[in-house]
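Note: the block below is protein29.csv and it holds CSV, C-alpha atoms.
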chain,number,residue,atom,x,y,z
A,76,HIS,CA,-4.5,25.9,-6.8
A,77,VAL,CA,-5.7,25.3,-3.2
A,78,VAL,CA,-3.4,28.1,-1.8
A,79,LYS,CA,-4.8,30.5,-4.4
A,80,LYS,CA,-8.4,29.6,-3.5
A,81,PHE,CA,-7.6,30.0,0.2
A,82,LEU,CA,-6.0,33.4,-0.3
A,83,GLY,CA,-9.1,34.4,-2.2
A,84,LEU,CA,-11.3,33.2,0.7
A,85,ILE,CA,-9.4,35.1,3.4
A,86,SER,CA,-9.2,38.2,1.3
A,87,SER,CA,-13.0,38.2,0.8
A,88,GLN,CA,-13.2,38.2,4.6
A,89,ASN,CA,-10.4,40.8,5.1
A,90,ILE,CA,-8.4,38.4,7.2
A,91,PRO,CA,-4.7,39.4,7.3
A,92,VAL,CA,-2.8,36.1,7.4
A,93,TYR,CA,0.9,35.6,6.8
A,94,LEU,CA,2.9,32.6,5.6
A,95,ILE,CA,4.9,30.6,8.2
A,96,ASP,CA,5.3,27.3,6.3
A,97,PRO,CA,8.9,26.2,7.0
A,98,LEU,CA,9.3,24.4,3.6
A,99,VAL,CA,8.1,27.4,1.6
A,100,LEU,CA,9.9,29.9,3.8
A,101,GLY,CA,13.1,27.9,3.3
A,102,LEU,CA,12.8,28.3,-0.5
A,103,ILE,CA,11.9,32.0,-0.1
A,104,ASP,CA,14.9,32.6,2.1
A,105,LYS,CA,17.3,31.5,-0.6
A,106,ASP,CA,15.9,34.2,-2.9
A,107,ILE,CA,14.9,36.8,-0.3
A,108,GLU,CA,17.0,39.7,-1.8
A,109,GLN,CA,15.6,39.1,-5.2
A,110,ILE,CA,12.0,38.7,-3.9
A,111,ARG,CA,12.3,42.0,-1.9
A,112,THR,CA,13.3,44.0,-5.0
A,113,THR,CA,11.2,42.3,-7.7
A,114,SER,CA,8.1,44.1,-9.0
A,115,ASP,CA,4.8,42.3,-9.3
A,116,GLY,CA,5.2,41.2,-12.9
A,117,PRO,CA,4.0,37.7,-13.9
A,118,SER,CA,6.4,35.0,-12.8
A,119,PRO,CA,7.5,32.5,-15.5
A,120,GLU,CA,7.4,29.4,-13.3
A,121,CYS,CA,5.6,28.2,-10.2
A,122,LYS,CA,8.5,27.9,-7.8
A,123,TYR,CA,7.3,28.2,-4.2
A,124,PHE,CA,3.7,27.0,-4.0
A,125,CYS,CA,4.1,24.1,-6.4
A,126,ALA,CA,6.7,22.1,-4.4
A,127,PRO,CA,4.8,18.9,-3.6
A,128,ARG,CA,3.5,18.5,0.0
A,129,ASP,CA,0.3,17.7,1.9
A,130,PHE,CA,-0.4,21.1,3.4
A,131,THR,CA,0.7,24.8,3.6
A,132,THR,CA,0.8,26.7,6.9
A,133,PHE,CA,-0.3,30.3,7.5
A,134,ALA,CA,-0.6,32.3,10.7
A,135,LEU,CA,-3.3,34.7,11.9
A,136,LEU,CA,-3.1,37.2,14.7
A,137,ASP,CA,-6.1,36.7,17.0
A,138,LYS,CA,-7.0,40.3,17.5
A,139,THR,CA,-7.1,41.1,13.8
A,140,TRP,CA,-10.3,39.2,13.1
A,141,LYS,CA,-13.5,38.0,14.7
A,142,HIS,CA,-16.2,36.8,12.2
A,143,GLU,CA,-15.8,33.0,12.1
A,144,VAL,CA,-19.3,32.2,10.9
A,145,ASP,CA,-19.1,34.1,7.6
A,146,LEU,CA,-15.7,32.6,6.9
A,147,PHE,CA,-16.9,29.0,7.3
A,148,ARG,CA,-20.0,29.6,5.2
A,149,THR,CA,-17.9,31.1,2.4
A,150,ALA,CA,-15.3,28.3,2.7
A,151,GLU,CA,-18.1,25.7,2.3
A,152,ARG,CA,-19.5,27.4,-0.8
A,153,MET,CA,-15.9,27.3,-2.3
A,154,GLY,CA,-15.7,23.6,-1.7
A,155,PHE,CA,-13.5,23.6,1.4
A,156,GLN,CA,-14.0,21.2,4.3
A,157,TRP,CA,-12.9,22.8,7.6
A,158,LEU,CA,-11.9,21.8,11.2
A,159,ARG,CA,-11.6,24.2,14.2
A,160,VAL,CA,-9.6,23.2,17.3
A,161,LEU,CA,-10.4,25.0,20.5
A,162,HIS,CA,-8.7,24.9,23.9
A,163,LYS,CA,-8.8,26.6,27.2
A,164,ASP,CA,-7.3,30.1,27.3
A,165,PRO,CA,-4.1,29.7,29.5
A,166,ARG,CA,-3.9,33.5,30.0
A,167,LEU,CA,-7.1,33.2,32.1
A,168,ASP,CA,-5.9,30.1,34.1
A,169,GLY,CA,-4.6,32.3,36.8
A,170,MET,CA,-8.1,33.6,37.4
A,171,ASP,CA,-10.4,31.0,39.0
A,172,ASP,CA,-13.7,32.3,37.5
A,173,LEU,CA,-12.5,32.5,33.9
A,174,SER,CA,-10.4,29.4,33.5
A,175,GLY,CA,-13.0,27.5,31.4
A,176,THR,CA,-13.0,30.0,28.5
A,177,GLU,CA,-12.1,28.3,25.2
A,178,ILE,CA,-10.4,30.1,22.4
A,179,PRO,CA,-9.6,29.0,18.8
A,180,LEU,CA,-6.1,27.7,18.4
A,181,HIS,CA,-5.9,26.1,14.9
A,182,TYR,CA,-8.1,26.0,11.8
A,183,ILE,CA,-7.6,23.5,9.0
A,184,PHE,CA,-9.2,24.0,5.5
A,185,LYS,CA,-9.1,21.1,3.1
A,186,LEU,CA,-9.8,21.0,-0.6
A,187,ALA,CA,-9.1,17.8,-2.7
A,188,SER,CA,-5.9,16.4,-1.4
A,189,HIS,CA,-4.3,19.6,0.0
A,190,ALA,CA,-4.9,21.3,3.3
A,191,ILE,CA,-4.2,24.7,4.7
A,192,HIS,CA,-3.2,24.8,8.4
A,193,LEU,CA,-4.0,28.2,9.9
A,194,VAL,CA,-2.3,28.7,13.3
A,195,VAL,CA,-3.8,31.3,15.6
A,196,PHE,CA,-1.2,33.5,17.4
A,197,TYR,CA,-2.1,35.4,20.5
A,198,GLU,CA,-0.1,38.4,21.9
A,199,ARG,CA,0.9,37.7,25.5
A,200,SER,CA,1.9,40.2,28.2
A,201,GLY,CA,5.6,39.7,27.6
A,202,HIS,CA,5.0,41.3,24.1
A,203,TYR,CA,5.6,38.0,22.3
A,204,LEU,CA,3.3,35.7,20.2
A,205,TRP,CA,2.0,32.4,21.6
A,206,HIS,CA,0.2,29.5,19.8
A,207,GLY,CA,-1.4,26.6,21.6
A,208,PRO,CA,-1.2,22.9,21.1
A,209,LEU,CA,-3.2,21.0,18.5
A,210,ARG,CA,-5.2,18.5,20.6
A,211,LEU,CA,-8.1,16.7,19.0
A,212,LYS,CA,-11.2,16.0,21.0
A,213,GLN,CA,-12.9,12.6,21.1
A,214,HIS,CA,-15.4,13.2,18.3
A,215,MET,CA,-13.0,14.8,15.9
A,216,ASP,CA,-12.0,13.1,12.6
A,217,ARG,CA,-8.4,11.9,13.1
A,218,LYS,CA,-8.1,11.0,9.5
A,219,PHE,CA,-9.0,14.6,8.3
A,220,VAL,CA,-5.4,15.4,7.5
A,221,PRO,CA,-2.0,13.7,8.5
A,222,PHE,CA,-1.9,15.6,11.8
A,223,ARG,CA,1.5,14.1,12.8
A,224,LYS,CA,3.1,15.8,9.8
A,225,LEU,CA,1.9,19.3,10.7
A,226,HIS,CA,4.8,21.6,11.6
A,227,PHE,CA,3.0,23.5,14.4
A,228,GLY,CA,0.9,22.3,17.3
A,229,ARG,CA,2.7,19.3,18.7
A,230,TYR,CA,3.2,21.6,21.7
A,231,PRO,CA,2.6,25.3,22.5
A,232,GLY,CA,5.1,27.7,21.0
A,233,ALA,CA,6.4,31.2,21.6
A,234,TYR,CA,7.8,33.6,19.0
A,235,GLU,CA,9.0,37.1,18.7
A,236,LYS,CA,6.5,39.3,16.8
A,237,PRO,CA,7.7,39.5,13.2
A,238,GLU,CA,7.7,42.5,11.0
A,239,LEU,CA,5.7,41.5,7.9
A,240,LEU,CA,6.7,42.0,4.3
A,241,PRO,CA,4.1,41.9,1.5
A,242,VAL,CA,5.5,40.0,-1.5
A,243,SER,CA,4.4,38.5,-4.8
A,244,LEU,CA,5.2,34.8,-5.1
A,245,ASP,CA,4.1,32.6,-8.0
A,246,ASP,CA,1.7,35.5,-9.0
A,247,LEU,CA,0.1,35.3,-5.5
A,248,LYS,CA,0.2,38.3,-3.1
A,249,VAL,CA,1.1,37.1,0.4
A,250,GLN,CA,2.7,38.4,3.6
A,251,ILE,CA,5.8,36.8,5.0
A,252,PRO,CA,8.1,37.5,8.0
A,253,GLN,CA,10.4,40.2,6.9
A,254,ASN,CA,13.4,38.1,8.0
A,255,PRO,CA,12.5,34.5,7.1
A,256,SER,CA,15.7,33.0,8.3
A,257,ASN,CA,15.2,34.5,11.8
A,258,PHE,CA,11.7,33.0,11.9
A,259,LEU,CA,13.0,29.6,10.7
A,260,GLU,CA,15.7,29.6,13.4
A,261,GLU,CA,13.0,30.2,16.1
A,262,ILE,CA,10.9,27.1,15.1
A,263,PRO,CA,13.0,24.3,16.6
A,264,HIS,CA,13.5,26.2,19.9
A,265,SER,CA,9.9,27.5,20.3
A,266,ARG,CA,8.5,25.1,22.7
A,267,PHE,CA,6.5,26.8,25.5
A,268,LEU,CA,5.7,25.7,29.1
A,269,GLU,CA,2.7,27.3,30.8
A,270,CYS,CA,3.1,28.2,34.5
A,271,ARG,CA,1.4,25.6,36.8
A,272,TYR,CA,-1.4,27.9,38.0
A,273,ARG,CA,-3.5,25.2,39.6
A,274,GLU,CA,-0.5,23.9,41.6
A,275,ALA,CA,0.4,27.4,42.6
A,276,ARG,CA,-3.1,28.0,44.0
A,277,ALA,CA,-2.9,24.8,46.0
A,278,PHE,CA,0.6,25.9,47.3
A,279,PHE,CA,-0.8,29.2,48.5
A,280,GLN,CA,-3.7,27.5,50.3
A,281,LEU,CA,-1.1,25.5,52.3
A,282,TYR,CA,1.4,28.4,52.7
A,283,PRO,CA,-0.4,31.7,52.5
A,284,ASP,CA,1.5,34.3,50.4
A,285,ASP,CA,3.6,36.9,52.3
A,286,ALA,CA,1.7,40.2,51.6
A,287,SER,CA,3.9,42.3,53.8
A,288,LEU,CA,5.3,45.6,52.5
A,289,GLU,CA,8.8,44.2,52.6
A,290,ALA,CA,7.8,41.2,50.4
A,291,VAL,CA,5.9,43.3,47.9
A,292,GLU,CA,8.8,45.7,47.6
A,293,PHE,CA,11.3,42.8,47.2
A,294,ARG,CA,9.2,41.2,44.4
A,295,LYS,CA,9.0,44.6,42.6
A,296,ARG,CA,12.7,45.1,42.7
A,297,ALA,CA,13.4,41.4,41.7
A,298,LYS,CA,11.1,41.8,38.8
A,299,SER,CA,12.7,45.0,37.5
A,300,LEU,CA,16.2,43.4,38.0
A,301,LEU,CA,15.1,40.3,36.0
A,302,HIS,CA,13.8,42.5,33.2
A,303,LEU,CA,17.1,44.5,33.1
A,304,ALA,CA,19.2,41.3,33.1
A,305,ALA,CA,17.1,39.9,30.3
A,306,LEU,CA,17.4,43.0,28.2
A,307,THR,CA,21.2,43.1,28.8
A,308,LEU,CA,21.7,39.4,27.9
A,309,ASN,CA,19.3,39.5,25.0
A,310,ASN,CA,21.2,42.5,23.5
A,311,LEU,CA,24.4,40.4,23.7
A,312,GLY,CA,22.7,37.4,22.1
A,313,VAL,CA,23.4,35.3,25.2
A,314,THR,CA,20.9,32.5,26.0
A,315,PHE,CA,20.0,32.2,29.7
A,316,TRP,CA,17.4,30.6,31.9
A,317,LEU,CA,15.8,30.9,35.3
A,318,SER,CA,17.9,28.8,37.8
A,319,SER,CA,18.0,27.9,41.5
A,320,GLY,CA,15.4,29.8,43.7
A,321,THR,CA,14.1,31.9,40.8
A,322,CYS,CA,13.3,28.7,38.8
A,323,LEU,CA,11.7,27.1,41.9
A,324,GLY,CA,9.5,30.2,42.4
A,325,TRP,CA,8.3,29.9,38.8
A,326,TYR,CA,7.6,26.2,39.0
A,327,ARG,CA,6.1,26.0,42.5
A,328,GLN,CA,4.2,29.2,42.9
A,329,CYS,CA,4.3,31.1,39.6
A,330,ASN,CA,6.0,34.0,41.4
A,331,ILE,CA,9.2,35.2,42.9
A,332,ILE,CA,9.9,33.7,46.3
A,333,PRO,CA,9.8,36.8,48.6
A,334,TYR,CA,12.5,35.7,51.0
A,335,SER,CA,15.0,34.6,48.4
A,336,LYS,CA,17.3,37.7,48.5
A,337,ASP,CA,18.4,37.4,44.9
A,338,VAL,CA,17.7,36.6,41.2
A,339,ASP,CA,19.3,33.4,39.8
A,340,LEU,CA,20.1,32.8,36.1
A,341,GLY,CA,21.9,30.0,34.4
A,342,ILE,CA,24.0,30.3,31.2
A,343,PHE,CA,25.9,27.5,29.3
A,344,ILE,CA,29.6,28.1,29.5
A,345,ARG,CA,29.7,27.7,25.7
A,346,ASP,CA,27.6,30.9,25.5
A,347,TYR,CA,30.0,32.9,27.7
A,348,LYS,CA,31.1,36.3,26.3
A,349,ALA,CA,33.8,38.5,27.7
A,350,ASP,CA,31.5,41.6,27.4
A,351,ILE,CA,28.9,40.2,29.9
A,352,ILE,CA,30.6,42.0,32.8
A,353,PRO,CA,31.0,45.4,31.1
A,354,ALA,CA,27.5,45.2,29.7
A,355,PHE,CA,26.0,44.7,33.2
A,356,GLN,CA,28.2,47.5,34.6
A,357,LYS,CA,27.0,49.8,31.9
A,358,ALA,CA,23.4,48.9,32.8
A,359,GLY,CA,24.1,50.1,36.3
A,360,LEU,CA,24.8,46.8,38.0
A,361,PRO,CA,28.3,46.7,39.5
A,362,LEU,CA,30.2,43.4,39.8
A,363,LYS,CA,29.9,42.1,43.4
A,364,HIS,CA,32.0,39.0,42.9
A,365,LYS,CA,33.6,36.8,40.3
A,366,PHE,CA,34.5,33.2,41.3
A,367,GLY,CA,36.2,30.6,39.2
A,368,LYS,CA,37.4,30.9,35.6
A,369,VAL,CA,35.9,30.2,32.2
A,370,GLU,CA,37.4,26.7,32.1
A,371,ASP,CA,36.2,25.8,35.6
A,372,SER,CA,33.4,26.8,38.0
A,373,LEU,CA,32.7,30.3,36.8
A,374,GLU,CA,30.0,32.4,38.5
A,375,LEU,CA,29.3,36.1,38.6
A,376,SER,CA,27.3,38.2,41.0
A,377,PHE,CA,26.1,41.7,40.3
A,378,GLN,CA,24.6,44.2,42.8
A,379,GLY,CA,21.1,45.4,42.1
A,380,GLU,CA,19.1,48.1,43.8
A,381,GLY,CA,19.0,47.9,47.6
A,382,ASP,CA,20.4,44.6,48.9
A,383,ILE,CA,19.1,42.4,46.0
A,384,LYS,CA,21.7,40.8,43.8
A,385,LEU,CA,21.8,39.0,40.5
A,386,ASP,CA,23.7,35.7,40.5
A,387,ILE,CA,24.7,34.1,37.2
A,388,PHE,CA,25.8,30.4,37.3
A,389,PHE,CA,27.7,29.0,34.3
A,390,PHE,CA,26.9,25.4,33.4
A,391,TYR,CA,29.4,22.8,32.1
A,392,GLU,CA,28.4,19.7,30.1
A,393,GLU,CA,29.8,16.2,30.7
A,394,ASP,CA,28.8,13.0,28.9
A,395,ASP,CA,25.8,12.2,31.1
A,396,TYR,CA,25.2,15.3,33.3
A,397,MET,CA,25.5,19.1,33.6
A,398,TRP,CA,27.1,20.9,36.5
A,399,ASN,CA,27.8,24.4,37.8
A,400,GLY,CA,30.4,25.4,40.4
A,401,GLY,CA,30.5,27.2,43.7
A,402,THR,CA,33.5,28.8,45.6
A,403,GLN,CA,33.8,29.7,49.3
A,404,ALA,CA,35.7,33.0,49.3
A,405,LYS,CA,37.4,32.6,52.7
A,406,SER,CA,38.6,29.0,52.3
A,407,GLY,CA,39.0,28.6,48.5
A,408,LYS,CA,36.9,25.5,48.8
A,409,LYS,CA,35.2,24.4,45.5
A,410,PHE,CA,31.7,22.8,45.2
A,411,LYS,CA,30.0,21.2,42.3
A,412,TYR,CA,26.2,21.0,41.7
A,413,LEU,CA,25.1,18.1,39.4
A,414,PHE,CA,22.0,18.2,37.2
A,415,PRO,CA,20.5,15.7,34.8
A,416,LYS,CA,20.9,16.9,31.2
A,417,PHE,CA,18.2,19.3,30.2
A,418,THR,CA,17.0,21.4,27.2
A,419,LEU,CA,15.4,24.9,27.3
A,420,CYS,CA,11.8,25.9,26.8
A,421,TRP,CA,10.1,29.3,26.8
A,422,THR,CA,7.7,30.4,29.5
A,423,GLU,CA,6.2,33.7,30.8
A,424,PHE,CA,7.3,34.9,34.2
A,425,VAL,CA,6.6,38.3,35.7
A,426,GLU,CA,5.5,39.5,32.2
A,427,LEU,CA,8.7,38.4,30.6
A,428,LYS,CA,9.3,35.8,27.9
A,429,VAL,CA,12.1,33.8,29.4
A,430,HIS,CA,13.7,30.3,29.3
A,431,VAL,CA,13.4,27.6,31.9
A,432,PRO,CA,14.7,24.0,31.7
A,433,CYS,CA,12.0,21.9,29.8
A,434,GLU,CA,12.7,19.1,32.3
A,435,THR,CA,11.8,21.4,35.2
A,436,LEU,CA,10.8,18.8,37.7
A,437,GLN,CA,14.1,16.9,37.4
A,438,TYR,CA,16.0,20.2,37.5
A,439,VAL,CA,14.2,21.4,40.7
A,440,GLU,CA,14.4,18.0,42.4
A,441,ALA,CA,18.2,17.8,41.6
A,442,ASN,CA,18.7,21.1,43.4
A,443,TYR,CA,16.1,20.9,46.2
A,444,GLY,CA,15.4,17.2,46.7
A,445,PRO,CA,12.0,15.5,46.9
A,446,GLY,CA,10.8,18.0,49.5
A,447,TRP,CA,11.0,21.0,47.1
A,448,ARG,CA,7.2,21.7,47.6
A,449,VAL,CA,7.8,22.8,51.3
A,450,PRO,CA,9.2,26.3,51.7
A,451,VAL,CA,12.6,26.4,53.5
A,452,ARG,CA,13.6,29.9,54.8
A,453,THR,CA,17.1,29.0,56.0
A,454,TRP,CA,19.3,27.8,53.2
A,455,ASP,CA,23.1,27.1,53.1
A,456,TRP,CA,24.3,27.0,49.5
A,457,LYS,CA,27.3,24.8,50.7
A,458,SER,CA,25.3,22.0,52.3
A,459,SER,CA,21.5,22.4,51.7
A,460,PRO,CA,21.3,21.5,48.0
A,461,SER,CA,20.8,17.8,47.5
A,462,ASN,CA,23.1,17.8,44.4
A,463,VAL,CA,26.1,19.4,46.0
A,464,GLN,CA,29.5,17.7,46.0
A,465,ASP,CA,32.9,18.8,47.3
A,466,ASN,CA,35.2,19.6,44.4
A,467,GLY,CA,38.6,20.2,46.0
A,468,VAL,CA,40.3,23.6,46.8
A,469,TRP,CA,41.6,26.3,44.6
A,470,PRO,CA,45.5,26.4,44.6
A,471,LEU,CA,46.6,29.4,46.7
A,472,GLU,CA,48.6,30.9,43.7
A,473,GLU,CA,45.3,31.1,41.7
A,474,TRP,CA,43.3,32.9,44.4
A,475,ASP,CA,43.8,36.4,42.9
A,476,GLU,CA,42.3,35.2,39.7
A,477,VAL,CA,39.5,32.9,40.9
A,478,ILE,CA,38.3,34.7,44.0
A,479,GLN,CA,37.5,38.3,43.2
A,480,THR,CA,35.2,40.2,45.5
A,481,TYR,CA,34.3,43.9,45.2
Once you've parsed the file, please lay out its structure as structure tokens.
Amino acid sequence: HVVKKFLGLISSQNIPVYLIDPLVLGLIDKDIEQIRTTSDGPSPECKYFCAPRDFTTFALLDKTWKHEVDLFRTAERMGFQWLRVLHKDPRLDGMDDLSGTEIPLHYIFKLASHAIHLVVFYERSGHYLWHGPLRLKQHMDRKFVPFRKLHFGRYPGAYEKPELLPVSLDDLKVQIPQNPSNFLEEIPHSRFLECRYREARAFFQLYPDDASLEAVEFRKRAKSLLHLAALTLNNLGVTFWLSSGTCLGWYRQCNIIPYSKDVDLGIFIRDYKADIIPAFQKAGLPLKHKFGKVEDSLELSFQGEGDIKLDIFFFYEEDDYMWNGGTQAKSGKKFKYLFPKFTLCWTEFVELKVHVPCETLQYVEANYGPGWRVPVRTWDWKSSPSNVQDNGVWPLEEWDEVIQTY
């Protein structure tokens, strides 16, 4: 009854919402083929919107609608109580003069004992959708709905932009993501970390940014290499994240470190695929070296444009830590870099939706020690990292396999 009234309300205002409720989408997903082909005839039973729960969740694309006042007036006339949650626009945080601008992130409409949670999605420059956190301000009624049970808003989230499918469910016309199972799979991995703009500004006050032609050119090439690497790995379905100096650049200064010489990515060894090397070669990035093997200390390096390279480090998981390996080509010496366990979050970096370790500070500190805030231009990968350990030597008879340089 409440969903029906809500759909009537938003249709009277021409607001194009779509259904993102995980419980309802889970039911829909089981019947998706049937739902796609069924005509709009009356349905004999109420199957989807009558499952008992406290609220139903819909989404709204920010740029599709602007007239809040009319919506709230009409909602009140229809008997709804409403709550609007605003927050600062993080897209403007990088710009000093605009960082106080607030935008609507969540709306809640309540009628009797059921509530509609309307999540506002914003399109970001990496061509993905972002929603903000649901943070209540001091004066807000914390008993308005069971906030802890809401599916969206505990933290900001990032999603691919779904194609929408108009369907008829329980005699109600709604839009749903065309592929509900894809959307449902994104939910548990959607957590988003914003770049630390304020800290980056403070960093550049201490260490003015290098604006030389060489630095500008390097950043441009590194950005296009990162975009190409992301495209290649995403097409293969391989999850990766910003690692080493690329991760430090994102965390410390929201940018690529101009003297870093390369782009660094991490991949869990469980996600390794044999077609990674041919895929990069096909994308125009020849293999520069391959060290280690899948069972132990694998790393790949590809040659980008000019003298910039792409380094991919594969991470192995032990009971209480993660590690990646290093190999010295001329001596066969092995090194091991230890990291505390971490999970992956989305962020935006150089206009790309990309993963970083959620526990970024611990990750960066493991690699660069407590002095990570201070730029270090001379770096020896065998001795500078604070998490490096000797890991023996490759047996001579394995060198042909484990030390390949091109």
Tell me which protein, DNA and RNA residues are within 6 Å of stretch 186-202 of chain A, counting all atoms listed in the file, leaving out same-chain ones fewer than 3 positions away, and put them as an NGL selection string. :A and (129-137 or 155 or 180-183 or 205-206 or 426-428)
Write out as JSON, numbers by chain the residues lying within 8 Å of stretch 380-388 of chain A, counting all atoms listed in the file and excluding same-chain residues fewer than 5 positions away. {"A": [293, 296, 297, 300, 336, 337, 338, 339, 340, 341, 342, 373, 374, 375, 399, 400]}
Just how far from atom CA of A:Lys348 is atom CA of A:Asn310, in Å to one decimal?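 Those two atoms sit 12.0 Å apart.
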Top pick for closest residue to A:Gln88, considering A:His214, A:Lys163, A:Lys138, A:Arg148 and counting only C-alpha atoms: A:Arg148
Counting all atoms listed in the file, which of A:Glu269, A:Asp371, A:Glu392, A:Asp285 gets nearest to A:His430?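 Among the listed residues, the smallest separation from A:His430 belongs to A:Glu269.
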Counting all atoms listed in the file, what is within 8 Å of A:Cys329, bar same-chain residues fewer than 3 positions away, as number ranges by chain? A: 270-272, 275, 324-326, 424
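Residues in contact with stretch 263-267 of chain A at up to 9 Å, not including ones fewer than 3 positions away on its chain and judged by all atoms listed in the file, are Trp205, His206, Gly207, Tyr230, Pro231, Gly232, Ala233, Tyr234, Leu259, Glu260, Leu419, Cys420, Trp421, Thr422, Glu423, His430 and Cys433 of chain A.
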Compare A:Gln280, A:Ser299, A:Asn330, A:Ser459 by their minimum atom-to-atom distance to A:Gly379, counting only C-alpha atoms, and give me the closest one.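 Result for the nearest residue to A:Gly379: A:Ser299.
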Atom CA of A:Phe390 to atom CA of A:Trp456 measures 16.4 Å
With only C-alpha atoms as the atoms that count, which of A:Val160, A:Leu239, A:Val249, A:Ile351 lies nearest to A:Leu211? A:Val160
Of the residues A:Phe315, A:Phe355, A:Tyr334, A:Phe414, which is the one nearest to A:Phe389, using all atoms listed in the file? A:Phe315
How many Å lie between atom CA of A:Ile331 and atom CA of A:Gln479, rounded to one decimal?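 Atom CA of A:Gln479 lies 28.5 Å from atom CA of A:Ile331.
Counting all atoms listed in the file and comparing A:Asn89, A:Asp164, A:Ser256, A:Gln403, the residue that lies closest to A:Lys141 is A:Asn89.
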Show which residues sit within 9 Å of A:Ala354, as an MDAnalysis selection string. Count only C-alpha atoms, and ignore same-chain residues fewer than 6 positions away. chainID A and resid 307:308 311 360
